Each structure stands twice: as C-alpha cells, then as structure tokens.
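Data first, discussion second: the structure below is written as structure tokens.
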Amino acid sequence: GGGGGGGGGGGASSTAAAEDWTLFKPAMYEPTRTCTKESNDVNGNQPSLMGMKLVSVRGGNPSLGLPTVPATVMLVDCKTGIVSALLGGTYLTAARTAAGSAVATDCMTSSDMNKRLHLLVFGAGLQAEMHIEAIRSVRNIGRISIVNRSAGRAEQLIATTREKMKGTKEQEIDMDVTLLGDRDAVKDVVSSADVICTTTNTTNPLFDGSWVKPGCHLNGVGSYTESMEEIPSHFIGKRCQVVIDTPEAIHVGDLKCISETSENYVGLLGDVMAGNAHLTNDGSHCGGDMYDCSFFKSVGTA
C-alpha cells in the first residue's frame with residue numbers, strides 16, 4: 001500500500017506548511033481466517049503475514065537532503081511472530097500514491113493518446129518525481145512544467161526525468177520551471193495545463209481556480225487535514241467532478257465545499273473503476289455551475 005498524506009513535496013508550499021506528524025498503520029494479510037492459536041490450517045491456507053507501516057511528515061527534511069515523507073514497512077510471520085522483512089517504505093509510499101493518481105487520470109480523462117498534453121506539477125520532491133513518471137505511463141505528455149518555491153530542486157527533477165527517458169521510445173518532452181512566487185508565470189502555466197498534480201504540504205491554495213481551463217484534470221495528494229487546502233475549495237465545489245480514494249478524503253480542506261450528497265461528488269475511485277460510479281464526459285450543469293474539470297483527491301490507503 002501507500003499513502004498520499006504529506007505528498008513528499010519539494011518545498012512548493014505557499015505561506016504555511018502543515019505540522020509534522022508520525023503515524024503507525026497496522027495491517028494483516030488474511031486470505032482465509034483470523035490467525036489464532038485455535039485455528040488449524042487443514043488446507044494449507046493459514047494467513048501468513050501481518051505488518052505495520054510507520055510513516056512520518058517532516059517539513060524540514062528537504063533542507064537536510066531528506067524526503068519529506070519517510071516511511072518504513074515491517075512484515076511479521078503471523079504464526080511465529082518473527083519479523084520476516086523490514087523494508088524501506090519511502091519509495092513504496094511515493095510510487096503507490098502516484099500510481100493511484102495515474103489510474104484516476106486514466107479513468108477520468110480522454111484516452112486519446114494522439115493528443116500531447118501539458119502536465120503541471122507543484123512540488124519537486126519524490127512525490128513529484130513519481131507523479132511525472134506515473135502520468136507519463138498513461139497519457140502522451142508533450143510538456144512538463146514544475147512549479148516550486150526554489151529553482152534548484154525543480155531543475156534537478158527535470159534532469160532526473162530526462163535521464164529516465166534516455167533509451168526509451170518516448171517523444172521529446174518540453175520541460176520548464178516556474179517559481180511559486182512569480183504569480184504571473186504561475187497563472188500562465190496553470191491556464192495551459194491539461195493535467196495538474198499538487199504534491200506539497202502547503203495549507204493554503206497554490207493558485208487561483210479561475211486560471212484553470214475547462215477540461216483540466218487535477219490530482220491532489222498533499223493535503224490530509226481539514227485545515228490543508230492545496231487547491232481552492234470553492235473552485236472544486238463550483239467546477240469539478242470529484243473522485244476520492246477513501247471515504248476519509250472527503251474531510252480534507254480541499255473538499256470542504258462539498259459532501260457525499262453534493263451533485264458533483266462522483267464517488268470512490270474503486271467504484272469508478274468497477275463501473276458503479278460515473279463521470280459525465282461533457283460537463284454537467286447544476287444550479288448555474290458548470291462541472292467542466294475533474295478532481296481526484298488522495299489521502300492514502302496503506
């Protein structure tokens with residue numbers, strides 16, 4: 001599993017960042033029955049693993065050259081209680097979160113691979129890197145723009161992305177960097193973006209929702225509390241069809257203007273994938289609002 005909480009951004013925060021925290025997430029692999037002393041495994045299918053993920057957010061880590069969201073996964077043999085594996089979960093968390101965004105992008109946008117899209121990413125950390133890679137795997141990207149507080153990490157991310165593309169059959173991709181503090185430049189890249197990914201730990205909106213063009217799809221993975229709002233909540237309430245990864249996501253700051261009963265709330269990503277929830281393809285009118293964009297909110301499903 002993985003999680004979106006904290007985003008693993010790269011410092012593309014506006015005026016404030018969320019508080020640091022550490023979370024323990026227990027889990028069990030249970031294909032047949034609960035692992036107890038009384039259960040005899042007559043079929044050879046006794047559940048074999050339980051484990052725990054330890055994940056933290058530390059806003060000061062990037063200045064130390066460390067990831068914002070460090071994580072560790074421990075697996076335990078269910079029968080003996082012996083630790084069977086200890087895994088670095090930082091990359092796993094980022095990759096799993098980005099994969100969720102890629103699946104949502106694939107489900108919620110046009111599948112026309114002939115059209116080259118403009119991908120805009122806020123943040124320049126590990127989550128931003130993984131999102132660039134994941135979105136490229138499901139859509140034909142012609143331009144990548146990175147918005148970050150400082151240019152150094154963003155330029156490094158561009159270099160890393162170009163290195164990953166070497167030896168592939170991908171077409172050349174234009175890449176550029178915009179500083180978060182340059183409001184006019186941020187407006188320019190937001191207004192031309194087809195897909196926007198926000199991977200920061202900011203508590204305040206990163207851009208004005210009026211800049212977003214019709215048909216844009218947005219993935220938000222950084223916010224995870226009611227006080228955090230990477231993307232303007234009023235923009236989401238007025239213009240976006242909303243899909244979330246887990247029921248808990250409806251409570252984050254980005255979604256404070258909608259609820260499960262709102263007409264622009266579509267449902268869980270799993271329900272969309274199963275065909276039990278549906279987006280409209282041409283925008284939906286409701287009470288004077290035009291839902292001409294789509295938004296996927298991830299808070300993590302470890």
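Identifiers for the structure tokens are assigned positionally: chains receive A, B, ... in sequence, residues are indexed from 1 per chain, and ligands are indexed from 1 in the order shown.
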Contact residues around range 238-246 of chain A with only C-alpha atoms at 6 Å, ignoring same-chain residues under 5 positions, as a PyMOL selection string: chain A and resi 264-269+289-298
With only C-alpha atoms counted and 10 Å as the cut-off, give the residues of range 63-84 of chain A in contact with range 119-143 of chain A, each with its shortest interatomic distance in Å and the pair that gives it, as CSV.
```
residue,atom,partner,partner_atom,distance
A:Leu66,CA,A:Gly125,CA,9.5
A:Pro67,CA,A:Leu126,CA,7.0
A:Thr68,CA,A:Gly125,CA,7.8
A:Val69,CA,A:Leu126,CA,8.8
```
Could you save those same residues with C-alpha atoms as an mmCIF file, in the first residue's frame?
```cif
data_model
loop_
_atom_site.group_PDB
_atom_site.id
_atom_site.type_symbol
_atom_site.label_atom_id
_atom_site.label_comp_id
_atom_site.auth_asym_id
_atom_site.auth_seq_id
_atom_site.Cartn_x
_atom_site.Cartn_y
_atom_site.Cartn_z
ATOM 1 C CA LEU A 66 15.986 14.013 3.103
ATOM 2 C CA PRO A 67 12.466 13.086 1.911
ATOM 3 C CA THR A 68 9.514 14.947 3.406
ATOM 4 C CA VAL A 69 7.610 11.686 3.957
#
```
Which is closer to His217 in chain A than all the others in A:Thr202, A:Ser192, A:Ser145, A:Asn114, using only C-alpha atoms?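 That would be A:Ser192, the residue with the smallest distance to His217 in chain A.
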Would you mind reading off the distance between CA of Pro70 in chain A and CA of Arg58 in chain A, one decimal, in Å? 8.1 Å
Near Val186 in chain A, counting only C-alpha atoms, which residues have an atom at most 12 Å away, once you skip same-chain residues fewer than 2 positions from it, shown as JSON, numbers by chain? {"A": [12, 120, 121, 122, 145, 146, 147, 148, 149, 176, 177, 178, 179, 180, 181, 182, 183, 184, 188, 189, 190, 191, 192, 193, 206, 207, 208, 209, 211, 212]}
Need to verify the contact set: range 85-88 of chain A, 8 Å, only C-alpha atoms, exclusion of same-chain residues closer than 5 positions in sequence. Can you return it as an mmCIF file with N, CA and C atoms, in the first residue's frame?
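Output file out_0.cif follows:
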```
data_model
loop_
_atom_site.group_PDB
_atom_site.id
_atom_site.type_symbol
_atom_site.label_atom_id
_atom_site.label_comp_id
_atom_site.auth_asym_id
_atom_site.auth_seq_id
_atom_site.Cartn_x
_atom_site.Cartn_y
_atom_site.Cartn_z
ATOM 1 N N ALA A 71 9.220 6.637 5.335
ATOM 2 C CA ALA A 71 8.339 5.537 5.751
ATOM 3 C C ALA A 71 9.114 4.227 5.833
ATOM 4 N N THR A 72 8.640 3.331 6.690
ATOM 5 C CA THR A 72 9.231 2.004 6.853
ATOM 6 C C THR A 72 8.101 0.991 6.966
ATOM 7 N N VAL A 73 8.268 -0.179 6.343
ATOM 8 C CA VAL A 73 7.272 -1.253 6.406
ATOM 9 C C VAL A 73 7.903 -2.472 7.078
ATOM 10 N N MET A 74 7.225 -3.032 8.064
ATOM 11 C CA MET A 74 7.683 -4.238 8.742
ATOM 12 C C MET A 74 6.654 -5.339 8.544
ATOM 13 N N LEU A 75 7.115 -6.533 8.141
ATOM 14 C CA LEU A 75 6.247 -7.696 7.992
ATOM 15 C C LEU A 75 6.595 -8.728 9.066
ATOM 16 N N VAL A 76 5.570 -9.371 9.607
ATOM 17 C CA VAL A 76 5.745 -10.332 10.690
ATOM 18 C C VAL A 76 5.061 -11.644 10.306
#
```
Assign secondary structure with DSSP using the backbone only, and return the residues of range 75-296 of chain A in strand (DSSP E) as a ChimeraX atom specification. /A:75-77,83-88,117-122,141-148,174-179,195-198,217-220,240-244,265-268,284-286,289-291,293-296
Would you list, as a compact mmCIF listing (two decimals) with all heavy atoms, in the first residue's frame, the residues of range 33-200 of chain A that end up in helix (DSSP H, G or I) under DSSP run on this structure's backbone?
```
# COMPACT_ATOMS: atom_id res chain seq x y z
N ASN A 61 12.79 18.33 6.36
CA ASN A 61 13.70 17.35 5.78
C ASN A 61 14.35 17.75 4.46
O ASN A 61 15.52 17.46 4.24
CB ASN A 61 13.00 16.00 5.63
CG ASN A 61 13.03 15.17 6.90
OD1 ASN A 61 13.49 15.64 7.94
ND2 ASN A 61 12.54 13.95 6.83
N PRO A 62 13.61 18.40 3.53
CA PRO A 62 14.25 18.75 2.26
C PRO A 62 15.51 19.59 2.43
O PRO A 62 16.47 19.42 1.67
CB PRO A 62 13.15 19.52 1.53
CG PRO A 62 11.89 18.93 2.04
CD PRO A 62 12.16 18.66 3.50
N SER A 63 15.54 20.46 3.44
CA SER A 63 16.74 21.28 3.66
C SER A 63 17.91 20.44 4.14
O SER A 63 19.06 20.89 4.08
CB SER A 63 16.43 22.38 4.68
OG SER A 63 16.11 21.82 5.95
N LEU A 64 17.62 19.21 4.59
CA LEU A 64 18.67 18.29 5.03
C LEU A 64 19.00 17.27 3.95
O LEU A 64 19.78 16.35 4.16
CB LEU A 64 18.21 17.55 6.30
CG LEU A 64 17.82 18.41 7.50
CD1 LEU A 64 17.27 17.53 8.62
CD2 LEU A 64 19.01 19.23 7.98
N THR A 90 9.69 4.49 1.91
CA THR A 90 9.58 5.84 1.38
C THR A 90 9.28 5.83 -0.12
O THR A 90 8.33 6.47 -0.59
CB THR A 90 10.88 6.62 1.64
OG1 THR A 90 11.15 6.61 3.05
CG2 THR A 90 10.77 8.06 1.17
N TYR A 91 10.06 5.06 -0.87
CA TYR A 91 9.82 4.96 -2.32
C TYR A 91 8.48 4.27 -2.57
O TYR A 91 7.72 4.68 -3.45
CB TYR A 91 10.95 4.17 -2.97
CG TYR A 91 10.76 3.96 -4.46
CD1 TYR A 91 11.21 4.91 -5.37
CD2 TYR A 91 10.12 2.83 -4.94
CE1 TYR A 91 11.02 4.73 -6.73
CE2 TYR A 91 9.92 2.64 -6.29
CZ TYR A 91 10.39 3.59 -7.19
OH TYR A 91 10.19 3.41 -8.53
N LEU A 92 8.18 3.22 -1.80
CA LEU A 92 6.93 2.48 -1.96
C LEU A 92 5.73 3.40 -1.77
O LEU A 92 4.76 3.35 -2.54
CB LEU A 92 6.88 1.33 -0.97
CG LEU A 92 5.62 0.46 -0.95
CD1 LEU A 92 5.45 -0.25 -2.27
CD2 LEU A 92 5.68 -0.53 0.20
N THR A 93 5.78 4.25 -0.75
CA THR A 93 4.69 5.18 -0.49
C THR A 93 4.49 6.13 -1.67
O THR A 93 3.37 6.35 -2.14
CB THR A 93 4.96 5.99 0.79
OG1 THR A 93 5.02 5.11 1.91
CG2 THR A 93 3.88 7.03 1.04
N ALA A 94 5.59 6.70 -2.14
CA ALA A 94 5.50 7.66 -3.24
C ALA A 94 5.02 6.99 -4.52
O ALA A 94 4.16 7.53 -5.24
CB ALA A 94 6.85 8.32 -3.47
N ALA A 95 5.54 5.79 -4.81
CA ALA A 95 5.16 5.09 -6.03
C ALA A 95 3.69 4.68 -5.99
O ALA A 95 2.96 4.81 -6.98
CB ALA A 95 6.06 3.87 -6.23
N ARG A 96 3.24 4.18 -4.85
CA ARG A 96 1.84 3.76 -4.71
C ARG A 96 0.89 4.95 -4.84
O ARG A 96 -0.16 4.86 -5.49
CB ARG A 96 1.64 3.05 -3.36
CG ARG A 96 0.20 2.90 -2.90
CD ARG A 96 -0.62 2.08 -3.87
NE ARG A 96 -2.01 2.02 -3.44
CZ ARG A 96 -2.93 2.96 -3.64
NH1 ARG A 96 -2.59 4.08 -4.28
NH2 ARG A 96 -4.16 2.81 -3.22
N THR A 97 1.24 6.07 -4.24
CA THR A 97 0.39 7.26 -4.33
C THR A 97 0.31 7.76 -5.77
O THR A 97 -0.77 8.09 -6.27
CB THR A 97 0.92 8.38 -3.42
OG1 THR A 97 1.01 7.89 -2.07
CG2 THR A 97 0.01 9.59 -3.44
N ALA A 98 1.45 7.82 -6.44
CA ALA A 98 1.47 8.27 -7.83
C ALA A 98 0.72 7.32 -8.74
O ALA A 98 0.04 7.74 -9.69
CB ALA A 98 2.91 8.44 -8.30
N ALA A 99 0.81 6.02 -8.45
CA ALA A 99 0.08 5.04 -9.26
C ALA A 99 -1.42 5.27 -9.14
O ALA A 99 -2.16 5.15 -10.13
CB ALA A 99 0.44 3.63 -8.81
N GLY A 100 -1.89 5.61 -7.94
CA GLY A 100 -3.30 5.91 -7.76
C GLY A 100 -3.73 7.11 -8.58
O GLY A 100 -4.80 7.11 -9.21
N SER A 101 -2.89 8.13 -8.61
CA SER A 101 -3.19 9.32 -9.41
C SER A 101 -3.22 8.99 -10.90
O SER A 101 -4.04 9.51 -11.66
CB SER A 101 -2.16 10.42 -9.15
OG SER A 101 -2.25 10.89 -7.82
N ALA A 102 -2.30 8.11 -11.33
CA ALA A 102 -2.26 7.72 -12.74
C ALA A 102 -3.51 6.94 -13.12
O ALA A 102 -4.10 7.16 -14.20
CB ALA A 102 -1.01 6.89 -13.02
N VAL A 103 -3.96 6.03 -12.24
CA VAL A 103 -5.19 5.28 -12.50
C VAL A 103 -6.37 6.24 -12.59
O VAL A 103 -7.23 6.13 -13.48
CB VAL A 103 -5.41 4.22 -11.42
CG1 VAL A 103 -6.80 3.61 -11.54
CG2 VAL A 103 -4.35 3.14 -11.50
N ALA A 104 -6.43 7.21 -11.67
CA ALA A 104 -7.52 8.18 -11.69
C ALA A 104 -7.48 9.01 -12.97
O ALA A 104 -8.52 9.27 -13.60
CB ALA A 104 -7.42 9.09 -10.47
N THR A 105 -6.28 9.44 -13.37
CA THR A 105 -6.14 10.22 -14.60
C THR A 105 -6.61 9.41 -15.80
O THR A 105 -7.29 9.92 -16.70
CB THR A 105 -4.68 10.65 -14.80
OG1 THR A 105 -4.26 11.42 -13.65
CG2 THR A 105 -4.51 11.49 -16.05
N ASP A 106 -6.27 8.13 -15.80
CA ASP A 106 -6.66 7.25 -16.90
C ASP A 106 -8.18 7.08 -16.94
O ASP A 106 -8.79 7.03 -18.02
CB ASP A 106 -5.97 5.90 -16.75
CG ASP A 106 -6.05 5.05 -18.01
OD1 ASP A 106 -6.00 5.61 -19.12
OD2 ASP A 106 -6.17 3.83 -17.88
N CYS A 107 -8.81 6.98 -15.77
CA CYS A 107 -10.26 6.77 -15.70
C CYS A 107 -11.05 8.04 -15.94
O CYS A 107 -12.21 7.98 -16.41
CB CYS A 107 -10.64 6.23 -14.32
SG CYS A 107 -10.12 4.55 -13.97
N MET A 108 -10.46 9.20 -15.65
CA MET A 108 -11.23 10.44 -15.60
C MET A 108 -10.94 11.41 -16.75
O MET A 108 -11.49 12.51 -16.78
CB MET A 108 -10.97 11.13 -14.26
CG MET A 108 -11.38 10.29 -13.05
SD MET A 108 -10.85 10.98 -11.46
CE MET A 108 -11.92 12.42 -11.34
N LEU A 126 10.07 13.71 -4.06
CA LEU A 126 9.90 12.35 -4.54
C LEU A 126 8.49 12.12 -5.11
O LEU A 126 8.32 11.46 -6.13
CB LEU A 126 10.18 11.35 -3.42
CG LEU A 126 10.08 9.87 -3.78
CD1 LEU A 126 11.04 9.51 -4.92
CD2 LEU A 126 10.37 9.00 -2.55
N GLN A 127 7.46 12.68 -4.45
CA GLN A 127 6.11 12.53 -4.97
C GLN A 127 5.98 13.16 -6.35
O GLN A 127 5.32 12.61 -7.23
CB GLN A 127 5.09 13.15 -4.01
CG GLN A 127 4.70 12.26 -2.86
CD GLN A 127 3.81 11.11 -3.31
OE1 GLN A 127 3.58 10.88 -4.49
NE2 GLN A 127 3.31 10.35 -2.35
N ALA A 128 6.58 14.33 -6.53
CA ALA A 128 6.54 14.98 -7.84
C ALA A 128 7.22 14.11 -8.89
O ALA A 128 6.70 13.91 -10.00
CB ALA A 128 7.22 16.35 -7.76
N GLU A 129 8.37 13.56 -8.54
CA GLU A 129 9.11 12.69 -9.46
C GLU A 129 8.27 11.47 -9.86
O GLU A 129 8.18 11.11 -11.04
CB GLU A 129 10.41 12.24 -8.82
CG GLU A 129 11.23 11.28 -9.67
CD GLU A 129 12.49 10.79 -8.97
OE1 GLU A 129 12.89 11.40 -7.96
OE2 GLU A 129 13.06 9.78 -9.43
N MET A 130 7.65 10.82 -8.87
CA MET A 130 6.86 9.63 -9.14
C MET A 130 5.60 9.98 -9.95
O MET A 130 5.16 9.19 -10.79
CB MET A 130 6.46 8.95 -7.83
CG MET A 130 7.62 8.34 -7.05
SD MET A 130 8.37 6.93 -7.90
CE MET A 130 9.78 7.72 -8.68
N HIS A 131 5.02 11.13 -9.70
CA HIS A 131 3.83 11.53 -10.46
C HIS A 131 4.16 11.80 -11.92
O HIS A 131 3.39 11.44 -12.81
CB HIS A 131 3.16 12.74 -9.81
CG HIS A 131 2.16 12.37 -8.77
ND1 HIS A 131 2.52 11.95 -7.51
CD2 HIS A 131 0.80 12.33 -8.80
CE1 HIS A 131 1.44 11.66 -6.81
NE2 HIS A 131 0.38 11.89 -7.58
N ILE A 132 5.29 12.42 -12.17
CA ILE A 132 5.70 12.65 -13.55
C ILE A 132 5.85 11.32 -14.28
O ILE A 132 5.37 11.13 -15.40
CB ILE A 132 7.01 13.46 -13.61
CG1 ILE A 132 6.75 14.90 -13.17
CG2 ILE A 132 7.62 13.42 -15.01
CD1 ILE A 132 8.00 15.74 -13.03
N GLU A 133 6.48 10.37 -13.63
CA GLU A 133 6.70 9.06 -14.24
C GLU A 133 5.38 8.31 -14.43
O GLU A 133 5.14 7.70 -15.48
CB GLU A 133 7.65 8.24 -13.37
CG GLU A 133 8.11 6.95 -14.01
CD GLU A 133 9.30 6.32 -13.29
OE1 GLU A 133 9.85 6.96 -12.37
OE2 GLU A 133 9.66 5.19 -13.67
N ALA A 134 4.51 8.37 -13.43
CA ALA A 134 3.25 7.62 -13.50
C ALA A 134 2.30 8.21 -14.54
O ALA A 134 1.69 7.47 -15.32
CB ALA A 134 2.58 7.62 -12.12
N ILE A 135 2.16 9.53 -14.57
CA ILE A 135 1.24 10.15 -15.53
C ILE A 135 1.74 9.94 -16.96
O ILE A 135 0.96 9.72 -17.89
CB ILE A 135 1.06 11.65 -15.24
CG1 ILE A 135 0.52 11.86 -13.82
CG2 ILE A 135 0.13 12.28 -16.27
CD1 ILE A 135 -0.81 11.20 -13.55
N ARG A 136 3.06 9.93 -17.15
CA ARG A 136 3.62 9.66 -18.47
C ARG A 136 3.28 8.26 -18.95
O ARG A 136 3.23 8.00 -20.15
CB ARG A 136 5.14 9.83 -18.45
CG ARG A 136 5.62 11.27 -18.56
CD ARG A 136 7.12 11.39 -18.34
NE ARG A 136 7.87 10.30 -18.92
CZ ARG A 136 8.86 9.65 -18.31
NH1 ARG A 136 9.20 9.99 -17.08
NH2 ARG A 136 9.51 8.70 -18.92
N SER A 137 3.04 7.36 -18.02
CA SER A 137 2.75 5.97 -18.40
C SER A 137 1.32 5.79 -18.91
O SER A 137 1.02 4.76 -19.53
CB SER A 137 3.00 5.04 -17.21
OG SER A 137 2.00 5.19 -16.22
N VAL A 138 0.44 6.75 -18.64
CA VAL A 138 -0.96 6.59 -19.06
C VAL A 138 -1.41 7.63 -20.08
O VAL A 138 -2.48 7.49 -20.68
CB VAL A 138 -1.92 6.64 -17.83
CG1 VAL A 138 -1.64 5.47 -16.91
CG2 VAL A 138 -1.83 7.96 -17.09
N ALA A 151 14.29 27.15 -7.49
CA ALA A 151 14.55 26.59 -8.81
C ALA A 151 15.46 25.36 -8.76
O ALA A 151 15.35 24.48 -9.62
CB ALA A 151 15.18 27.66 -9.71
N GLY A 152 16.34 25.28 -7.78
CA GLY A 152 17.35 24.23 -7.74
C GLY A 152 16.79 22.84 -7.79
O GLY A 152 17.17 22.01 -8.62
N ARG A 153 15.86 22.53 -6.87
CA ARG A 153 15.28 21.17 -6.82
C ARG A 153 14.47 20.88 -8.07
O ARG A 153 14.44 19.74 -8.55
CB ARG A 153 14.40 21.03 -5.58
CG ARG A 153 15.18 20.89 -4.29
CD ARG A 153 14.24 20.70 -3.12
NE ARG A 153 13.48 19.46 -3.24
CZ ARG A 153 13.70 18.37 -2.52
NH1 ARG A 153 14.68 18.36 -1.65
NH2 ARG A 153 12.95 17.29 -2.67
N ALA A 154 13.78 21.89 -8.61
CA ALA A 154 12.99 21.68 -9.81
C ALA A 154 13.88 21.37 -11.01
O ALA A 154 13.57 20.48 -11.82
CB ALA A 154 12.14 22.91 -10.08
N GLU A 155 14.97 22.09 -11.14
CA GLU A 155 15.90 21.83 -12.24
C GLU A 155 16.51 20.44 -12.10
O GLU A 155 16.71 19.72 -13.09
CB GLU A 155 17.00 22.89 -12.25
CG GLU A 155 16.54 24.30 -12.57
CD GLU A 155 16.14 24.49 -14.03
OE1 GLU A 155 16.27 23.53 -14.82
OE2 GLU A 155 15.70 25.60 -14.38
N GLN A 156 16.78 20.03 -10.86
CA GLN A 156 17.31 18.69 -10.62
C GLN A 156 16.30 17.62 -11.02
O GLN A 156 16.66 16.59 -11.59
CB GLN A 156 17.68 18.55 -9.14
CG GLN A 156 18.32 17.20 -8.79
CD GLN A 156 18.66 17.10 -7.31
OE1 GLN A 156 18.32 17.97 -6.51
NE2 GLN A 156 19.35 16.03 -6.94
N LEU A 157 15.01 17.88 -10.74
CA LEU A 157 13.97 16.94 -11.11
C LEU A 157 13.85 16.82 -12.63
O LEU A 157 13.66 15.72 -13.17
CB LEU A 157 12.64 17.36 -10.50
CG LEU A 157 11.42 16.50 -10.85
CD1 LEU A 157 11.67 15.02 -10.58
CD2 LEU A 157 10.19 16.98 -10.08
N ILE A 158 14.00 17.92 -13.33
CA ILE A 158 13.97 17.88 -14.79
C ILE A 158 15.14 17.03 -15.31
O ILE A 158 14.96 16.20 -16.21
CB ILE A 158 14.03 19.30 -15.38
CG1 ILE A 158 12.66 19.98 -15.23
CG2 ILE A 158 14.45 19.27 -16.86
CD1 ILE A 158 12.60 21.37 -15.79
N ALA A 159 16.31 17.23 -14.72
CA ALA A 159 17.47 16.44 -15.14
C ALA A 159 17.24 14.96 -14.88
O ALA A 159 17.58 14.10 -15.71
CB ALA A 159 18.72 16.93 -14.41
N THR A 160 16.65 14.63 -13.74
CA THR A 160 16.35 13.24 -13.40
C THR A 160 15.35 12.65 -14.39
O THR A 160 15.51 11.51 -14.84
CB THR A 160 15.77 13.15 -11.98
OG1 THR A 160 16.74 13.63 -11.04
CG2 THR A 160 15.39 11.71 -11.63
N THR A 161 14.34 13.42 -14.74
CA THR A 161 13.32 12.95 -15.69
C THR A 161 13.92 12.71 -17.07
O THR A 161 13.63 11.70 -17.72
CB THR A 161 12.17 13.97 -15.78
OG1 THR A 161 11.60 14.17 -14.48
CG2 THR A 161 11.08 13.48 -16.73
N ARG A 162 14.78 13.61 -17.51
CA ARG A 162 15.43 13.43 -18.81
C ARG A 162 16.31 12.18 -18.81
O ARG A 162 16.38 11.44 -19.80
CB ARG A 162 16.24 14.66 -19.16
CG ARG A 162 15.42 15.91 -19.45
CD ARG A 162 16.25 16.97 -20.15
NE ARG A 162 15.52 18.21 -20.30
CZ ARG A 162 14.58 18.45 -21.21
NH1 ARG A 162 14.25 17.49 -22.06
NH2 ARG A 162 13.98 19.62 -21.28
N GLU A 163 16.97 11.94 -17.69
CA GLU A 163 17.84 10.76 -17.59
C GLU A 163 17.01 9.48 -17.67
O GLU A 163 17.42 8.51 -18.32
CB GLU A 163 18.61 10.81 -16.26
CG GLU A 163 19.64 9.70 -16.10
CD GLU A 163 20.79 9.79 -17.09
OE1 GLU A 163 21.09 10.91 -17.56
OE2 GLU A 163 21.37 8.73 -17.41
N LYS A 164 15.84 9.47 -17.03
CA LYS A 164 14.96 8.31 -17.08
C LYS A 164 14.45 8.04 -18.48
O LYS A 164 14.16 6.90 -18.84
CB LYS A 164 13.77 8.50 -16.13
CG LYS A 164 14.10 8.38 -14.66
CD LYS A 164 12.85 8.52 -13.82
CE LYS A 164 13.12 8.33 -12.35
NZ LYS A 164 11.89 8.43 -11.52
N MET A 165 14.33 9.10 -19.27
CA MET A 165 13.78 8.96 -20.62
C MET A 165 14.81 8.45 -21.63
O MET A 165 14.44 8.02 -22.73
CB MET A 165 13.22 10.30 -21.10
CG MET A 165 11.96 10.73 -20.37
SD MET A 165 11.36 12.34 -20.96
CE MET A 165 11.04 11.95 -22.70
N ARG A 183 3.71 35.07 -9.56
CA ARG A 183 2.28 34.83 -9.73
C ARG A 183 1.85 34.86 -11.20
O ARG A 183 1.05 34.02 -11.64
CB ARG A 183 1.49 35.88 -8.94
CG ARG A 183 -0.03 35.64 -8.95
CD ARG A 183 -0.73 36.58 -7.99
NE ARG A 183 -2.19 36.48 -8.05
CZ ARG A 183 -2.90 35.56 -7.41
NH1 ARG A 183 -2.28 34.66 -6.67
NH2 ARG A 183 -4.22 35.54 -7.50
N ASP A 184 2.38 35.79 -11.98
CA ASP A 184 2.01 35.87 -13.39
C ASP A 184 2.45 34.62 -14.15
O ASP A 184 1.71 34.09 -15.00
CB ASP A 184 2.61 37.12 -14.04
CG ASP A 184 1.95 38.40 -13.56
OD1 ASP A 184 0.79 38.33 -13.08
OD2 ASP A 184 2.59 39.48 -13.64
N ALA A 185 3.66 34.14 -13.84
CA ALA A 185 4.17 32.94 -14.52
C ALA A 185 3.38 31.71 -14.10
O ALA A 185 3.11 30.82 -14.93
CB ALA A 185 5.65 32.76 -14.21
N VAL A 186 3.01 31.63 -12.82
CA VAL A 186 2.20 30.50 -12.35
C VAL A 186 0.85 30.52 -13.05
O VAL A 186 0.34 29.48 -13.48
CB VAL A 186 2.02 30.55 -10.81
CG1 VAL A 186 1.03 29.48 -10.35
CG2 VAL A 186 3.36 30.36 -10.11
N LYS A 187 0.25 31.70 -13.21
CA LYS A 187 -1.02 31.82 -13.91
C LYS A 187 -0.90 31.28 -15.34
O LYS A 187 -1.79 30.58 -15.83
CB LYS A 187 -1.49 33.27 -13.92
CG LYS A 187 -2.81 33.48 -14.64
CD LYS A 187 -3.24 34.93 -14.62
CE LYS A 187 -4.57 35.13 -15.35
NZ LYS A 187 -5.01 36.55 -15.33
N ASP A 188 0.20 31.60 -16.00
CA ASP A 188 0.40 31.17 -17.38
C ASP A 188 0.43 29.64 -17.49
O ASP A 188 -0.21 29.06 -18.37
CB ASP A 188 1.69 31.76 -17.94
CG ASP A 188 1.57 33.24 -18.26
OD1 ASP A 188 0.42 33.73 -18.36
OD2 ASP A 188 2.61 33.91 -18.39
N VAL A 189 1.19 28.99 -16.61
CA VAL A 189 1.30 27.52 -16.72
C VAL A 189 0.02 26.83 -16.27
O VAL A 189 -0.37 25.80 -16.83
CB VAL A 189 2.53 26.97 -15.96
CG1 VAL A 189 3.81 27.42 -16.64
CG2 VAL A 189 2.52 27.37 -14.49
N VAL A 190 -0.64 27.38 -15.25
CA VAL A 190 -1.90 26.78 -14.80
C VAL A 190 -2.95 26.87 -15.90
O VAL A 190 -3.68 25.90 -16.17
CB VAL A 190 -2.41 27.47 -13.51
CG1 VAL A 190 -3.85 27.04 -13.20
CG2 VAL A 190 -1.51 27.15 -12.33
N SER A 191 -3.03 28.00 -16.58
CA SER A 191 -4.08 28.21 -17.58
C SER A 191 -3.90 27.36 -18.83
O SER A 191 -4.85 27.18 -19.59
CB SER A 191 -4.15 29.69 -17.96
OG SER A 191 -2.93 30.11 -18.56
N SER A 192 -2.70 26.82 -19.04
CA SER A 192 -2.48 25.99 -20.23
C SER A 192 -2.40 24.50 -19.90
O SER A 192 -2.34 23.66 -20.81
CB SER A 192 -1.20 26.41 -20.95
OG SER A 192 -0.05 26.09 -20.17
```
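In this comparison, which uses only C-alpha atoms, the residue of A:Ser150, A:Thr280, A:Ser223, A:Ser233 approaching Ser210 in chain A most closely is A:Ser233.
One finds CA of Thr109 in chain A at 14.7 Å from CA of Ala277 in chain A.
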Go through A:Cys216, A:Pro26, A:Val55, A:Lys256 one by one, measure the shortest atom-to-atom distance of each to Leu117 in chain A using only C-alpha atoms, and give the residue with the smallest value.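 Of the candidates, the smallest distance to Leu117 in chain A is held by A:Cys216.
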Taking into account only C-alpha atoms, which residue in the set A:Asp271, A:Glu248, A:Asp254, A:Asp112 is nearest to Ser227 in chain A? A:Asp254
